[in-house]
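Chemist: The structure file target23.txt (compact mmCIF, C-alpha atoms) is provided below.
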# COMPACT_ATOMS: atom_id res chain seq x y z
CA MET G 1 90.53 113.55 163.61
CA ASN G 2 89.20 115.47 166.60
CA THR G 3 91.02 115.19 169.87
CA ARG G 4 90.88 116.58 173.39
CA LEU G 5 93.74 116.76 175.88
CA LEU G 6 93.56 113.89 178.34
CA MET G 7 96.77 114.21 180.32
CA THR G 8 100.46 114.93 180.35
CA LEU G 9 102.38 111.89 181.59
CA ARG G 10 106.01 112.07 182.67
CA VAL G 11 107.98 108.98 183.54
CA THR G 12 111.47 108.48 184.89
CA VAL G 13 113.44 105.68 183.31
CA ALA G 14 116.22 103.57 184.82
CA SER G 15 119.23 102.36 182.86
CA PRO G 16 118.02 100.04 180.12
CA GLN G 17 118.60 96.31 180.04
CA ASN G 18 120.28 95.69 176.70
CA ILE G 19 119.14 92.26 175.66
CA GLY G 20 120.82 92.67 172.29
CA LEU G 21 120.31 91.56 168.71
CA VAL G 22 117.45 89.07 168.76
CA PRO G 23 115.83 87.71 165.60
CA HIS G 24 113.27 90.57 165.47
CA GLY G 25 115.78 93.36 165.95
CA THR G 26 117.69 94.95 168.83
CA ARG G 27 115.77 94.40 172.06
CA ARG G 28 116.08 96.80 174.98
CA THR G 29 113.94 97.06 178.12
CA ALA G 30 113.67 100.37 179.99
CA PRO G 31 112.28 99.96 183.53
CA ILE G 32 110.22 102.88 184.78
CA THR G 33 111.05 104.11 188.26
CA GLY G 34 108.27 106.62 188.75
CA GLY G 35 106.47 109.59 187.34
CA ASP G 36 103.27 111.59 187.42
CA PHE G 37 100.36 112.56 185.23
CA GLU G 38 98.01 115.49 185.12
CA GLY G 39 94.99 116.45 183.06
CA PRO G 40 91.59 118.12 183.30
CA ARG G 41 89.87 114.91 184.42
CA LEU G 42 92.54 113.00 186.29
CA ARG G 43 95.89 113.33 188.00
CA GLY G 44 98.19 111.17 190.05
CA THR G 45 101.41 109.21 190.08
CA VAL G 46 103.07 106.34 188.26
CA LEU G 47 103.56 103.10 190.18
CA PRO G 48 106.96 101.66 189.34
CA GLY G 49 106.20 97.97 189.73
CA GLY G 50 105.51 96.33 186.39
CA SER G 51 105.95 99.62 184.55
CA ALA G 52 108.44 99.63 181.72
CA ASP G 53 108.95 100.37 178.06
CA TRP G 54 109.78 97.27 176.03
CA LEU G 55 111.75 98.50 173.02
CA LEU G 56 112.81 97.02 169.72
CA VAL G 57 115.00 98.71 167.12
CA ARG G 58 113.90 97.37 163.75
CA ALA G 59 115.98 96.64 160.68
CA ASP G 60 114.71 99.88 159.11
CA GLY G 61 115.93 101.90 162.09
CA VAL G 62 112.49 102.57 163.53
CA LEU G 63 112.11 102.07 167.28
CA GLU G 64 109.00 100.18 168.33
CA MET G 65 107.90 100.96 171.87
CA ASP G 66 105.60 98.77 173.93
CA LEU G 67 104.93 100.81 177.05
CA ARG G 68 103.03 99.49 180.03
CA VAL G 69 102.49 101.75 183.03
CA THR G 70 100.37 101.46 186.14
CA LEU G 71 98.85 104.78 187.22
CA ARG G 72 97.27 105.72 190.54
CA THR G 73 95.00 108.74 190.66
CA GLN G 74 94.97 111.05 193.60
CA ASP G 75 91.66 109.52 194.67
CA GLY G 76 93.11 106.03 194.66
CA ALA G 77 92.01 104.58 191.31
CA ILE G 78 94.43 102.12 189.73
CA ILE G 79 94.64 102.39 185.94
CA SER G 80 96.66 100.20 183.61
CA MET G 81 97.92 101.95 180.50
CA LYS G 82 99.34 100.09 177.51
CA SER G 83 100.68 102.07 174.61
CA PHE G 84 102.31 101.02 171.36
CA GLY G 85 104.48 103.64 169.72
CA LEU G 86 106.99 104.40 167.01
CA ARG G 87 110.03 106.64 167.16
CA HIS G 88 112.31 107.62 164.30
CA GLY G 89 114.21 110.58 162.98
CA PRO G 90 117.44 111.70 161.34
CA GLN G 91 120.42 109.64 162.53
CA ASP G 92 122.16 112.57 164.21
CA VAL G 93 119.00 113.51 166.10
CA ILE G 94 118.43 109.98 167.35
CA ALA G 95 122.10 109.74 168.32
CA ALA G 96 121.79 112.95 170.36
CA ILE G 97 118.81 111.50 172.22
CA GLY G 98 120.86 108.37 172.87
CA ARG G 99 123.63 110.50 174.38
CA GLY G 100 121.15 111.97 176.84
CA GLU G 101 120.91 115.38 175.23
CA THR G 102 117.80 117.55 175.21
CA VAL G 103 116.49 117.58 171.65
CA ASP G 104 113.62 119.54 170.13
CA PRO G 105 110.77 116.99 169.78
CA ALA G 106 109.73 118.58 166.50
CA LEU G 107 112.91 117.09 164.97
CA TYR G 108 111.80 113.48 165.35
CA TYR G 109 108.64 111.37 165.19
CA PHE G 110 107.66 109.98 168.58
CA ARG G 111 104.01 109.00 168.57
CA THR G 112 102.11 106.49 170.67
CA THR G 113 98.58 105.11 170.97
CA PRO G 114 97.58 104.60 174.61
CA ARG G 115 94.75 102.40 175.82
CA PHE G 116 93.47 102.21 179.38
CA THR G 117 91.88 99.69 181.70
CA THR G 118 90.39 100.47 185.09
CA GLY G 119 87.71 99.15 187.42
CA HIS G 120 87.18 102.40 189.32
CA SER G 121 83.69 103.79 188.70
CA ALA G 122 84.87 107.40 188.29
CA TYR G 123 87.23 106.52 185.45
CA THR G 124 85.42 103.89 183.40
CA PHE G 125 85.26 106.38 180.53
CA LEU G 126 88.93 105.54 179.97
CA ASN G 127 88.04 101.94 179.10
CA ARG G 128 85.97 103.09 176.15
CA LEU G 129 88.31 105.48 174.43
CA VAL G 130 91.26 105.43 172.11
CA ALA G 131 94.07 107.94 172.58
CA VAL G 132 97.07 109.29 170.70
CA ALA G 133 100.19 110.87 172.18
CA THR G 134 103.23 112.88 171.20
CA GLY G 135 106.42 112.02 173.04
CA ASP G 136 109.25 114.31 174.07
CA ARG G 137 112.30 112.31 175.07
CA ARG G 138 113.95 114.30 177.83
CA PRO G 139 117.20 112.98 179.33
CA GLU G 140 115.49 111.90 182.55
CA GLY G 141 112.59 110.26 180.77
CA PRO G 142 109.86 110.86 178.23
CA ILE G 143 106.96 113.26 178.54
CA TYR G 144 103.80 112.14 176.75
CA THR G 145 101.09 114.60 175.81
CA ILE G 146 98.08 112.33 175.53
CA HIS G 147 94.91 113.25 173.67
CA GLU G 148 91.61 111.42 173.70
CA VAL G 149 90.35 110.68 170.18
CA LEU G 150 86.82 112.04 170.04
CA MET M 1 97.33 116.60 167.42
CA ASN M 2 97.78 116.93 163.69
CA SER M 3 96.70 114.34 161.20
CA ARG M 4 96.49 113.84 157.46
CA PRO M 5 93.98 111.70 155.56
CA LEU M 6 95.35 108.31 154.59
CA MET M 7 92.48 106.24 153.27
CA ARG M 8 88.83 105.41 153.40
CA LEU M 9 88.60 101.67 154.01
CA ARG M 10 85.48 99.69 153.29
CA LEU M 11 85.31 96.12 154.55
CA GLU M 12 83.06 93.27 153.59
CA THR M 13 82.60 90.99 156.55
CA ALA M 14 80.22 88.30 157.69
CA PRO M 15 79.80 86.79 161.15
CA THR M 16 80.67 83.20 161.67
CA GLU M 17 81.29 81.80 165.09
CA GLU M 18 80.24 83.10 168.47
CA ILE M 19 82.53 81.56 171.04
CA GLY M 20 81.40 82.73 174.46
CA GLY M 21 81.93 86.47 174.01
CA LEU M 22 84.29 86.23 171.03
CA SER M 23 82.74 86.87 167.60
CA ILE M 24 84.80 86.18 164.52
CA PHE M 25 84.01 88.15 161.37
CA PRO M 26 85.84 86.88 158.29
CA VAL M 27 86.88 89.55 155.83
CA SER M 28 85.66 88.59 152.38
CA GLY M 29 86.66 91.72 150.52
CA GLY M 30 86.43 95.45 150.35
CA SER M 31 88.27 98.43 148.99
CA PHE M 32 90.36 101.41 150.08
CA GLU M 33 91.12 104.74 148.56
CA GLY M 34 93.19 107.77 149.40
CA GLU M 35 95.45 110.30 147.74
CA ARG M 36 98.55 108.18 148.26
CA LEU M 37 97.18 104.69 147.74
CA ARG M 38 94.10 102.78 146.64
CA GLY M 39 93.07 99.26 145.88
CA LYS M 40 91.14 96.30 147.20
CA VAL M 41 90.91 94.25 150.35
CA LEU M 42 91.71 90.60 149.79
CA ALA M 43 89.64 87.78 151.25
CA GLY M 44 91.19 85.84 154.08
CA GLY M 45 91.43 88.32 156.91
CA GLY M 46 89.18 88.63 159.91
CA ASP M 47 88.10 90.67 162.90
CA TRP M 48 88.20 88.94 166.26
CA VAL M 49 85.69 90.93 168.28
CA THR M 50 85.48 90.51 172.05
CA THR M 51 82.40 91.61 173.98
CA LYS M 52 83.44 93.26 177.23
CA PRO M 53 81.43 93.24 180.49
CA ASP M 54 80.49 96.91 179.97
CA GLY M 55 78.83 96.07 176.65
CA THR M 56 81.50 97.60 174.44
CA PHE M 57 83.48 95.63 171.89
CA GLU M 58 87.22 95.27 171.48
CA LEU M 59 88.21 94.91 167.83
CA ASP M 60 91.20 92.95 166.54
CA LEU M 61 91.41 92.95 162.77
CA ARG M 62 93.91 91.53 160.31
CA ALA M 63 93.60 91.93 156.57
CA THR M 64 95.68 92.10 153.45
CA LEU M 65 95.36 95.07 151.12
CA GLU M 66 96.41 95.02 147.49
CA THR M 67 97.12 98.36 145.83
CA ASP M 68 96.11 99.04 142.26
CA ASP M 69 99.79 98.74 141.32
CA GLY M 70 100.10 95.30 142.85
CA ALA M 71 101.71 95.96 146.24
CA LEU M 72 100.54 93.90 149.19
CA ILE M 73 100.08 95.53 152.57
CA HIS M 74 99.46 93.74 155.88
CA LEU M 75 96.94 95.73 157.90
CA THR M 76 96.10 95.20 161.54
CA PHE M 77 94.08 97.26 163.92
CA THR M 78 92.75 97.13 167.44
CA GLY M 79 89.99 99.40 168.59
CA VAL M 80 86.83 100.15 170.47
CA ARG M 81 83.23 99.93 169.37
CA ASP M 82 80.80 101.59 171.82
CA ASP M 83 77.34 101.65 170.28
CA GLU M 84 75.80 103.57 173.17
CA HIS M 85 78.10 106.51 172.46
CA HIS M 86 78.26 106.01 168.67
CA TYR M 87 82.00 105.58 168.96
CA LEU M 88 84.00 103.28 166.72
CA ARG M 89 87.71 104.12 166.74
CA THR M 90 90.64 102.02 165.61
CA LEU M 91 94.44 102.16 165.69
CA PRO M 92 95.65 100.81 162.33
CA ARG M 93 99.17 99.62 161.64
CA PHE M 94 100.70 98.67 158.33
CA GLU M 95 103.52 96.46 157.10
CA THR M 96 104.68 96.32 153.52
CA ALA M 97 107.78 95.29 151.58
CA ALA M 98 106.91 97.55 148.65
CA PRO M 99 109.36 100.48 148.58
CA ARG M 100 106.75 102.82 147.18
CA TYR M 101 104.57 102.31 150.27
CA ALA M 102 107.32 101.95 152.87
CA PHE M 103 106.15 105.18 154.50
CA LEU M 104 103.28 103.13 155.92
CA ASN M 105 105.73 101.16 158.04
CA ARG M 106 106.79 104.33 159.88
CA LEU M 107 103.50 105.94 160.81
CA LEU M 108 100.74 105.52 163.34
CA ALA M 109 97.15 106.10 162.40
CA VAL M 110 93.66 106.53 163.79
CA GLY M 111 90.45 105.29 162.17
CA VAL M 112 86.96 106.69 162.64
CA GLY M 113 84.52 103.95 161.80
CA ASP M 114 80.89 103.65 160.86
CA ILE M 115 78.80 100.51 160.46
CA ARG M 116 76.91 100.67 157.19
CA PRO M 117 74.35 98.07 156.07
CA ASP M 118 76.88 96.47 153.75
CA GLY M 119 79.77 96.57 156.20
CA PRO M 120 82.07 98.81 158.17
CA VAL M 121 83.72 101.89 156.72
CA HIS M 122 86.78 103.38 158.39
CA VAL M 123 88.18 106.81 157.62
CA ILE M 124 91.84 106.48 158.49
CA GLU M 125 94.18 109.38 159.14
CA GLU M 126 97.94 109.39 159.57
CA ILE M 127 99.10 110.85 162.90
CA LEU M 128 101.60 113.56 162.02
Would you mind giving the structure from this file in structure tokens?

Modeler:
Amino acid sequence: MNTRLLMTLRVTVASPQNIGLVPHGTRRTAPITGGDFEGPRLRGTVLPGGSADWLLVRADGVLEMDLRVTLRTQDGAIISMKSFGLRHGPQDVIAAIGRGETVDPALYYFRTTPRFTTGHSAYTFLNRLVAVATGDRRPEGPIYTIHEVL
Amino acid sequence: MNSRPLMRLRLETAPTEEIGGLSIFPVSGGSFEGERLRGKVLAGGGDWVTTKPDGTFELDLRATLETDDGALIHLTFTGVRDDEHHYLRTLPRFETAAPRYAFLNRLLAVGVGDIRPDGPVHVIEEIL
């Protein structure tokens, strides 16, 4: 698999809404309050409205993440990003993340697969690519290092 | 990003209906092989392919795999097919109840695809 860095995306997350144990697992919604992104071909900020990470802790302990974020580039393009991801690791590591500690991302698996939609002519290349990302769950919010799959 | 080979997946498909920009390709068979698992693709799945205004295709496949030791695996993927740029990339996901293959439930993967005369072939790697 050949990849090329697309951007680093940082988001800030508000306190989660704990919906609780639903038939599929434990449902939690994490609203996104802001953020920014930067890469060789694009940079800008995260628009908080409609941006959140819809989370589900599965019976096998794996966290499924359904992230949707609206991005605005510095030249005014609006980009919708949707990204499905998985997060899992040793119990004590995951617990430390849950307590808001800074944990070495190499100790857990936090991987996502972003897709993009935009109508802005300078960024239509995003519509045609598939991306993969590594997540680093900092206390204030995750940092995603996103690579385009070539 | 680091990856590790998972499987080479060969699908047998045939077009059926064109429904105003949606093309449905039933999966009639196929095979997969890799170091950790191998077997056949069962009939009954399909790829729901949407033609987008820019001429690219959005893929939406579901299929059932059966390993040579009898485990069933539910495979889905979404992806992009852009013929102008010779780009066919998918994001496979797996679900299985077989303990031997439970590792598939916990990984994300990327597929690099190629349309051959007898059907698509996807080289799928695990994202490490």

Chemist: Please provide as number ranges by chain all residues within 12 Å of M:Asp47, with the sequence filter that same-chain residues fewer than 6 positions apart are discarded (counting only C-alpha atoms).

Modeler: M: 11-17, 22-28, 57-63, 75-79, 90, 120

Chemist: Applying 8 Å and all atoms listed in the file, which residues near M:Glu126 remain after dropping the ones on its own chain fewer than 5 positions away? List them as a PyMOL selection string.

Modeler: chain M and resi 3-6+107-110

Chemist: Any idea what's packed within 12 Å of M:Arg100, counting only C-alpha atoms, ignoring anything in its chain fewer than 4 positions away? Could you give it as a list in words?

Modeler: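 Near M:Arg100, the qualifying residues are Arg36, Leu37, Thr67, Asp69, Gly70, Ala71, Leu72, Ile73, Thr96, Leu104 and Asn105 of chain M.
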
Chemist: Using only C-alpha atoms, please write the residues we just selected to a file, as a short mmCIF file (atom, residue, chain, number, x, y, z; two decimals), in the coordinates of the input.

Modeler:
data_model
loop_
_atom_site.label_atom_id
_atom_site.label_comp_id
_atom_site.auth_asym_id
_atom_site.auth_seq_id
_atom_site.Cartn_x
_atom_site.Cartn_y
_atom_site.Cartn_z
CA ARG M 36 98.55 108.18 148.26
CA LEU M 37 97.18 104.69 147.74
CA THR M 67 97.12 98.36 145.83
CA ASP M 69 99.79 98.74 141.32
CA GLY M 70 100.10 95.30 142.85
CA ALA M 71 101.71 95.96 146.24
CA LEU M 72 100.54 93.90 149.19
CA ILE M 73 100.08 95.53 152.57
CA THR M 96 104.68 96.32 153.52
CA LEU M 104 103.28 103.13 155.92
CA ASN M 105 105.73 101.16 158.04
#

Chemist: Rank G:Gly85, G:Pro31, G:Gly39, G:Gly76 by their smallest atom-to-atom distance to chain M, using all atoms listed in the file, and report the top residue only.

Modeler: G:Gly85

Chemist: Edge lengths and centre in Å to one decimal, as JSON, of the axis-aligned box that encloses all listed atoms of stretch 106-110 of chain M with 5 Å added on every side?

Modeler:
{"center_x": 100.2, "center_y": 105.4, "center_z": 161.8, "size_x": 23.1, "size_y": 12.2, "size_z": 13.9}

Chemist: Please list as a list in words every residue within 9 Å of M:Gly55, counting only C-alpha atoms and excluding residues in the same chain fewer than 4 positions away.

Modeler: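 The filter keeps Thr51, Asp82, Asp83 and Glu84 of chain M.
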
Chemist: Between atom CA of G:Pro40 and atom CA of G:Leu67, what distance in Å does the model show, to one decimal?

Modeler: 22.7 Å

Chemist: I want to know what sits within 12 Å of G:Trp54, based on all atoms listed in the file, with residues of the same chain fewer than 4 positions away left out; could you give that as a count of residues only?

Modeler: 25

Chemist: Could you give me, as a tab-separated table, a per-residue list for chain G showing, wherever an atom lies at most 12 Å from an atom of chain M, the closest pair of atoms and their distance in Å to one decimal, using only C-alpha atoms and sorting by chain then residue number from low to high?

Modeler:
residue	atom	partner	partner_atom	distance
G:Met1	CA	M:Ser3	CA	6.7
G:Asn2	CA	M:Met1	CA	8.2
G:Thr3	CA	M:Met1	CA	6.9
G:Arg4	CA	M:Met1	CA	8.8
G:Leu5	CA	M:Met1	CA	9.2
G:Leu6	CA	M:Met1	CA	11.9
G:Arg58	CA	M:Asn105	CA	10.7
G:Ala59	CA	M:Asn105	CA	11.5
G:Asp60	CA	M:Arg106	CA	9.1
G:Gly61	CA	M:Arg106	CA	9.7
G:Val62	CA	M:Arg106	CA	7.0
G:Leu63	CA	M:Arg106	CA	9.4
G:Glu64	CA	M:Arg106	CA	9.7
G:Ser83	CA	M:Leu91	CA	10.9
G:Phe84	CA	M:Leu108	CA	9.3
G:Gly85	CA	M:Leu108	CA	7.6
G:Leu86	CA	M:Arg106	CA	7.1
G:Arg87	CA	M:Arg106	CA	8.3
G:His88	CA	M:Arg106	CA	7.8
G:Gly89	CA	M:Arg106	CA	10.2
G:Ala106	CA	M:Leu128	CA	10.6
G:Tyr108	CA	M:Leu128	CA	10.7
G:Tyr109	CA	M:Leu128	CA	8.0
G:Phe110	CA	M:Leu128	CA	9.6
G:Arg111	CA	M:Leu108	CA	7.1
G:Thr112	CA	M:Leu108	CA	7.5
G:Thr113	CA	M:Leu91	CA	7.3
G:Pro114	CA	M:Leu91	CA	9.8
G:Arg115	CA	M:Gly79	CA	9.2
G:Phe116	CA	M:Val80	CA	11.3
G:Thr117	CA	M:Lys52	CA	11.5
G:Thr118	CA	M:Asp54	CA	11.7
G:Gly119	CA	M:Asp54	CA	10.6
G:Ser121	CA	M:Asp54	CA	11.6
G:Thr124	CA	M:Asp54	CA	9.2
G:Phe125	CA	M:Asp54	CA	10.6
G:Leu126	CA	M:Val80	CA	11.1
G:Asn127	CA	M:Val80	CA	8.9
G:Arg128	CA	M:Val80	CA	6.5
G:Leu129	CA	M:Val80	CA	6.8
G:Val130	CA	M:Arg89	CA	6.6
G:Ala131	CA	M:Val110	CA	8.9
G:Val132	CA	M:Met1	CA	8.0
G:Ala133	CA	M:Met1	CA	8.0
G:Thr134	CA	M:Met1	CA	7.9
G:Gly135	CA	M:Met1	CA	11.6
G:Thr145	CA	M:Met1	CA	9.4
G:Ile146	CA	M:Met1	CA	9.2
G:His147	CA	M:Met1	CA	7.5
G:Glu148	CA	M:Met1	CA	9.9
G:Val149	CA	M:Arg89	CA	7.9
G:Leu150	CA	M:Tyr87	CA	8.1

Chemist: Go ahead and compute the interatomic distance for atom CA of G:Asp75 and atom CA of G:Asp136, in Å to one decimal.

Modeler: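 If I compute the distance from atom CA of G:Asp75 to atom CA of G:Asp136, I get 27.5 Å.
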
Chemist: Rounded to one decimal in Å, what is the spacing between atom CA of G:Ala96 and atom CA of G:Thr8?

Modeler: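 Atom-to-atom, atom CA of G:Ala96 to atom CA of G:Thr8, that is 23.6 Å.
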
Chemist: Restricting the calculation to all atoms listed in the file: of G:Arg41, G:Val46, G:Ile143, G:Thr33, which residue gets closest to G:Ile78?

Modeler: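 Nearest to G:Ile78: G:Val46.
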